[in-house]
Each structure stands twice: as structure tokens, then as C-alpha cells.
Amino acid sequence: MFATKLGGITAMKFNATKRHLREGLKNLSRSGWMTFASISAVTVMLVIVGFFMIVFLNGNHIASTIENNVEVRAFIEHGTDEAEIEELISEVESQADVEEVLFVDKEEGLENFLASTNEEVWGNLREDNPLRDALSVTASSPQLTEEIATAIEKHPQVNNVAFGEDIISDLFKITNTGRIAGAIIVAALLFTAMFLISNTIKLTILARKKEIQIMKLVGATNSFVRWPFLIEGMLLGLLGSIIPVAIMSIGYHFVYIEAGSFLQTQAYSLLPPNELILQISILLVAVGLIVGIWGSAMSVRKFLKV
């Protein structure tokens, strides 16, 4: 008997769920232009949010690439023998926060210099190479570059150290400011999107306040009234997020291909489309669903007390 009763309760819950889904879908068609307005509001705001998220994430990626290219170049005194150079390399590698140490002999250094300049003008330097052997040192964190350079400069085998000290502090200030500003803009857009979308969905629900009040007067429970509207809000958010996801996916693939060759010549790159679009898509769909459900829940709640 208990099993029969349990089965009956399960069947009732299943039927109620089917009814809520059916009513939620019907509500979309009943509202007509209000449904269209809600989906349009979700679409427009999520396109804006998605665009700024792509710009922010790629800006952060390029800023990190620039910072990670910062290195310390320690030039070695003339006449330093191989044993002393090996000892110097070991001492530098043992320093805290040093990630990598590479030895660059003066011939390699000259070839790198000529490759980045006009060889016809500077090619005669091969006859009398004025450069020194050097160490290329990378810090575990770009912000520690100056500290590591100061420590390396104290070694007697080191003639001088270069790490772009005139611009490095400004570089870090610019990249940090850009990250903070970008995060604030994205957060403000997300808040604005949630506010506008939820208010638009509220208008859709408010237009049927009499229907809600009548259902309450004839004895419908709060959950029985609420669920179809929550499902409707969820569907509005979901449908409104599909177009932004498609636009972001197609648009970003195009930009990635078109801008990729130019950025590669500048030693930078955009984030891979598959990884980025997946993250953006999850975010946009989540925002659409959350604000849809939230907007519906807040609106229906006002009319449940009759």
C-alpha cells in the first residue's frame, strides 16, 4: 500500500511538472510583443556584455604577454673565463624568484641585434664585435625584475645590467590600471544588464497580474502559480542568450583569423577561439538564465499575497 501511495505521489509530481512546462511555453506565445521585447532586451545587453568580456580577456592576455617578455640582461666583464661564467650562472640561478637564466655569447647577441636593425648599416660590426657576453634572466614574476637586477649587478663579473628601468614601472602601472578599469567596466555592465533585463521581464509578468490573482483566489498554491512563470523567465533568458553566443562565436573567429597575422608580427596573439568562446558562452547563458528566473520570481512574488 505504501508503494502504491508513493507511486501516486510521484505521478502527481510528474504531471504537475509537465503542466508547469506546458504553461511556461504557452505563456511565451500569449505575451506576444512583450515576449519579443524581453528576448530583445536580453539579446542586446548580452551582446554588449560579451563584446566587452572578449576585449577585457584579450587585453589582459596581451598585457601578461608584454609583462612576461620583460627580462634582465646582465653584461659580463671582458676577460671573464668559462669557469667564472659557470659560477656566475649558478649563483644567479640560486637567487630567489629567478625562473630562467640563459647565456648569450657576444656573437649571438650581435646576430640578434643585426636581425632587428638594418644589417647594411651595422653589418661592419662583425669585423670588430663591441658587444659583451651576457646573461638573459627571467623573473618568476615580472614585478620582481628590478629587485633581481639590483642583486645581479652586485656580482663582480657583471659589468652592467639593463632591464628597461626607465619604462618598466610605467609599463606595470599601465597594465595594472587597464586590468582594474576593465574589470570595473565589465562588472558595471553585468549589473546594468541584470537590472534592465530583469525589469523588462517583470513588465511581461506584470501584464498578467489579474491572471495570477484569480488563480490565488480559487485556491492555487504559491508554488503552483509561481513555477510556470519561473519557467517562462528561464526560457526568456535562454532564448535571449542564444543569439549573443552565435554572434560572439562567428565574430570572434573572424577577428581571430584577420587579426592573427598582424599580431603575430608584433609577437602577440589573441586567446584561442575555442577556449574563449566556451567561457563567454557559459557566462552569457548563465546570466540569461539567472536574470530571467530572478526577474520572474520578483514579479510574481508581489501578487502571491491576495
# chains A, B, ... in the order shown; residues from 1 in each chain; ligands from 1

$ residues_around --residues "Ile168 of chain A" --least-positions-apart "4" --cutoff "9 Å" --atoms "only C-alpha atoms" --output "PyMOL selection string"
chain A and resi 67+70+143+145-146+163-164+172-173

$ residues_around --residues "Ala63 of chain A" --least-positions-apart "5" --cutoff "10 Å" --atoms "only C-alpha atoms" --output "list in words"
Leu57, Asn58, Asn68, Leu171, Phe172, Ile174, Thr175, Asn176, Gly178, Arg179 and Tyr268 of chain A

$ closest_residue --among "A:Leu102, A:Gln213, A:Leu196, A:Thr43" --to "Glu86 of chain A" --atoms "only C-alpha atoms"
A:Leu102

$ closest_residue --among "A:Thr150, A:Ser40, A:Ser140, A:Ser296" --to "Glu232 of chain A" --atoms "only C-alpha atoms"
A:Ser296

$ atom_distance --atom1 "atom CA of Met234 of chain A" --atom2 "atom CA of Ile293 of chain A"
5.1 Å

$ select_by_dssp --residues "segment 132-254 of chain A" --states "helix (DSSP H, G or I)" --output "PyMOL selection string"
chain A and resi 142-152+165-206+209-217+222-254

$ residues_around --residues "Leu235 of chain A" --least-positions-apart "4" --cutoff "8 Å" --atoms "only C-alpha atoms" --output "PyMOL selection string"
chain A and resi 231+239+289+292

$ write_last_selection --atoms "N, CA, C and O atoms" --output "compact mmCIF listing (two decimals), in the first residue's frame"
# COMPACT_ATOMS: atom_id res chain seq x y z
N ILE A 231 9.58 29.19 -15.14
CA ILE A 231 9.99 28.52 -16.38
C ILE A 231 9.96 29.48 -17.55
O ILE A 231 10.86 29.49 -18.40
N LEU A 239 16.54 31.91 -24.46
CA LEU A 239 16.37 32.31 -25.86
C LEU A 239 17.14 33.60 -26.17
O LEU A 239 17.71 33.75 -27.25
N LEU A 289 19.90 32.99 -17.89
CA LEU A 289 19.04 32.14 -17.06
C LEU A 289 18.78 32.76 -15.69
O LEU A 289 17.65 32.79 -15.21
N GLY A 292 16.60 35.88 -15.91
CA GLY A 292 15.25 35.50 -16.32
C GLY A 292 14.45 34.94 -15.15
O GLY A 292 13.31 35.34 -14.90

$ atom_distance --atom1 "atom CA of Met45 of chain A" --atom2 "atom CA of Ala193 of chain A"
5.4 Å

$ select_by_dssp --residues "segment 60-301 of chain A" --states "strand (DSSP E or B)" --output "PyMOL selection string"
chain A and resi 72-76+98-104+134-139+158-162

$ decode --residues "segment 149-181 of chain A" --atoms "N, CA and C atoms" --output "PDB file, in the first residue's frame"
ATOM      1  N   ALA A 149      67.438  42.448 -10.782  1.00  0.00           N
ATOM      2  CA  ALA A 149      68.501  43.181 -11.483  1.00  0.00           C
ATOM      3  C   ALA A 149      69.469  43.826 -10.499  1.00  0.00           C
ATOM      4  N   THR A 150      68.948  44.384  -9.419  1.00  0.00           N
ATOM      5  CA  THR A 150      69.787  45.019  -8.404  1.00  0.00           C
ATOM      6  C   THR A 150      70.722  44.001  -7.752  1.00  0.00           C
ATOM      7  N   ALA A 151      70.216  42.789  -7.490  1.00  0.00           N
ATOM      8  CA  ALA A 151      71.036  41.745  -6.878  1.00  0.00           C
ATOM      9  C   ALA A 151      72.117  41.252  -7.831  1.00  0.00           C
ATOM     10  N   ILE A 152      71.768  41.096  -9.127  1.00  0.00           N
ATOM     11  CA  ILE A 152      72.738  40.605 -10.109  1.00  0.00           C
ATOM     12  C   ILE A 152      73.870  41.618 -10.313  1.00  0.00           C
ATOM     13  N   GLU A 153      73.524  42.880 -10.271  1.00  0.00           N
ATOM     14  CA  GLU A 153      74.509  43.940 -10.532  1.00  0.00           C
ATOM     15  C   GLU A 153      75.649  43.939  -9.514  1.00  0.00           C
ATOM     16  N   LYS A 154      75.443  43.327  -8.364  1.00  0.00           N
ATOM     17  CA  LYS A 154      76.463  43.313  -7.314  1.00  0.00           C
ATOM     18  C   LYS A 154      77.563  42.289  -7.572  1.00  0.00           C
ATOM     19  N   HIS A 155      77.341  41.364  -8.507  1.00  0.00           N
ATOM     20  CA  HIS A 155      78.363  40.357  -8.799  1.00  0.00           C
ATOM     21  C   HIS A 155      79.555  41.011  -9.485  1.00  0.00           C
ATOM     22  N   PRO A 156      80.785  40.675  -9.077  1.00  0.00           N
ATOM     23  CA  PRO A 156      81.982  41.314  -9.660  1.00  0.00           C
ATOM     24  C   PRO A 156      82.191  41.006 -11.146  1.00  0.00           C
ATOM     25  N   GLN A 157      81.628  39.868 -11.625  1.00  0.00           N
ATOM     26  CA  GLN A 157      81.814  39.520 -13.039  1.00  0.00           C
ATOM     27  C   GLN A 157      80.862  40.298 -13.954  1.00  0.00           C
ATOM     28  N   VAL A 158      79.921  41.019 -13.367  1.00  0.00           N
ATOM     29  CA  VAL A 158      78.919  41.738 -14.150  1.00  0.00           C
ATOM     30  C   VAL A 158      79.350  43.180 -14.356  1.00  0.00           C
ATOM     31  N   ASN A 159      79.405  43.603 -15.645  1.00  0.00           N
ATOM     32  CA  ASN A 159      79.800  44.974 -15.978  1.00  0.00           C
ATOM     33  C   ASN A 159      78.652  45.946 -15.738  1.00  0.00           C
ATOM     34  N   ASN A 160      77.494  45.625 -16.308  1.00  0.00           N
ATOM     35  CA  ASN A 160      76.296  46.428 -16.058  1.00  0.00           C
ATOM     36  C   ASN A 160      75.044  45.615 -16.367  1.00  0.00           C
ATOM     37  N   VAL A 161      73.915  46.121 -15.902  1.00  0.00           N
ATOM     38  CA  VAL A 161      72.637  45.409 -16.040  1.00  0.00           C
ATOM     39  C   VAL A 161      71.633  46.329 -16.723  1.00  0.00           C
ATOM     40  N   ALA A 162      70.861  45.757 -17.664  1.00  0.00           N
ATOM     41  CA  ALA A 162      69.816  46.529 -18.349  1.00  0.00           C
ATOM     42  C   ALA A 162      68.504  45.753 -18.262  1.00  0.00           C
ATOM     43  N   PHE A 163      67.450  46.471 -17.926  1.00  0.00           N
ATOM     44  CA  PHE A 163      66.135  45.816 -17.873  1.00  0.00           C
ATOM     45  C   PHE A 163      65.018  46.797 -18.216  1.00  0.00           C
ATOM     46  N   GLY A 164      65.372  47.902 -18.894  1.00  0.00           N
ATOM     47  CA  GLY A 164      64.363  48.889 -19.254  1.00  0.00           C
ATOM     48  C   GLY A 164      63.820  49.604 -18.047  1.00  0.00           C
ATOM     49  N   GLU A 165      64.716  49.953 -17.119  1.00  0.00           N
ATOM     50  CA  GLU A 165      64.270  50.559 -15.861  1.00  0.00           C
ATOM     51  C   GLU A 165      63.507  51.863 -16.050  1.00  0.00           C
ATOM     52  N   ASP A 166      63.754  52.544 -17.174  1.00  0.00           N
ATOM     53  CA  ASP A 166      63.081  53.830 -17.410  1.00  0.00           C
ATOM     54  C   ASP A 166      61.594  53.653 -17.746  1.00  0.00           C
ATOM     55  N   ILE A 167      61.227  52.497 -18.266  1.00  0.00           N
ATOM     56  CA  ILE A 167      59.834  52.310 -18.701  1.00  0.00           C
ATOM     57  C   ILE A 167      59.110  51.198 -17.961  1.00  0.00           C
ATOM     58  N   ILE A 168      59.859  50.355 -17.238  1.00  0.00           N
ATOM     59  CA  ILE A 168      59.226  49.173 -16.652  1.00  0.00           C
ATOM     60  C   ILE A 168      58.172  49.524 -15.611  1.00  0.00           C
ATOM     61  N   SER A 169      58.472  50.543 -14.773  1.00  0.00           N
ATOM     62  CA  SER A 169      57.488  50.921 -13.748  1.00  0.00           C
ATOM     63  C   SER A 169      56.232  51.496 -14.390  1.00  0.00           C
ATOM     64  N   ASP A 170      56.416  52.300 -15.446  1.00  0.00           N
ATOM     65  CA  ASP A 170      55.259  52.849 -16.161  1.00  0.00           C
ATOM     66  C   ASP A 170      54.470  51.738 -16.840  1.00  0.00           C
ATOM     67  N   LEU A 171      55.187  50.738 -17.369  1.00  0.00           N
ATOM     68  CA  LEU A 171      54.524  49.606 -18.034  1.00  0.00           C
ATOM     69  C   LEU A 171      53.615  48.873 -17.060  1.00  0.00           C
ATOM     70  N   PHE A 172      54.133  48.574 -15.872  1.00  0.00           N
ATOM     71  CA  PHE A 172      53.335  47.850 -14.893  1.00  0.00           C
ATOM     72  C   PHE A 172      52.151  48.691 -14.413  1.00  0.00           C
ATOM     73  N   LYS A 173      52.345  49.988 -14.277  1.00  0.00           N
ATOM     74  CA  LYS A 173      51.243  50.869 -13.876  1.00  0.00           C
ATOM     75  C   LYS A 173      50.131  50.860 -14.922  1.00  0.00           C
ATOM     76  N   ILE A 174      50.541  50.928 -16.199  1.00  0.00           N
ATOM     77  CA  ILE A 174      49.555  50.954 -17.285  1.00  0.00           C
ATOM     78  C   ILE A 174      48.777  49.640 -17.352  1.00  0.00           C
ATOM     79  N   THR A 175      49.494  48.502 -17.291  1.00  0.00           N
ATOM     80  CA  THR A 175      48.821  47.208 -17.395  1.00  0.00           C
ATOM     81  C   THR A 175      47.902  46.965 -16.185  1.00  0.00           C
ATOM     82  N   ASN A 176      48.352  47.336 -14.988  1.00  0.00           N
ATOM     83  CA  ASN A 176      47.514  47.150 -13.794  1.00  0.00           C
ATOM     84  C   ASN A 176      46.280  48.044 -13.837  1.00  0.00           C
ATOM     85  N   THR A 177      46.487  49.307 -14.279  1.00  0.00           N
ATOM     86  CA  THR A 177      45.351  50.222 -14.404  1.00  0.00           C
ATOM     87  C   THR A 177      44.351  49.708 -15.426  1.00  0.00           C
ATOM     88  N   GLY A 178      44.869  49.175 -16.548  1.00  0.00           N
ATOM     89  CA  GLY A 178      43.991  48.625 -17.577  1.00  0.00           C
ATOM     90  C   GLY A 178      43.183  47.448 -17.063  1.00  0.00           C
ATOM     91  N   ARG A 179      43.812  46.573 -16.270  1.00  0.00           N
ATOM     92  CA  ARG A 179      43.095  45.429 -15.712  1.00  0.00           C
ATOM     93  C   ARG A 179      41.979  45.887 -14.770  1.00  0.00           C
ATOM     94  N   ILE A 180      42.309  46.821 -13.886  1.00  0.00           N
ATOM     95  CA  ILE A 180      41.320  47.299 -12.915  1.00  0.00           C
ATOM     96  C   ILE A 180      40.154  47.988 -13.622  1.00  0.00           C
ATOM     97  N   ALA A 181      40.500  48.877 -14.581  1.00  0.00           N
ATOM     98  CA  ALA A 181      39.454  49.599 -15.315  1.00  0.00           C
ATOM     99  C   ALA A 181      38.570  48.628 -16.090  1.00  0.00           C
TER     100      ALA A 181
END
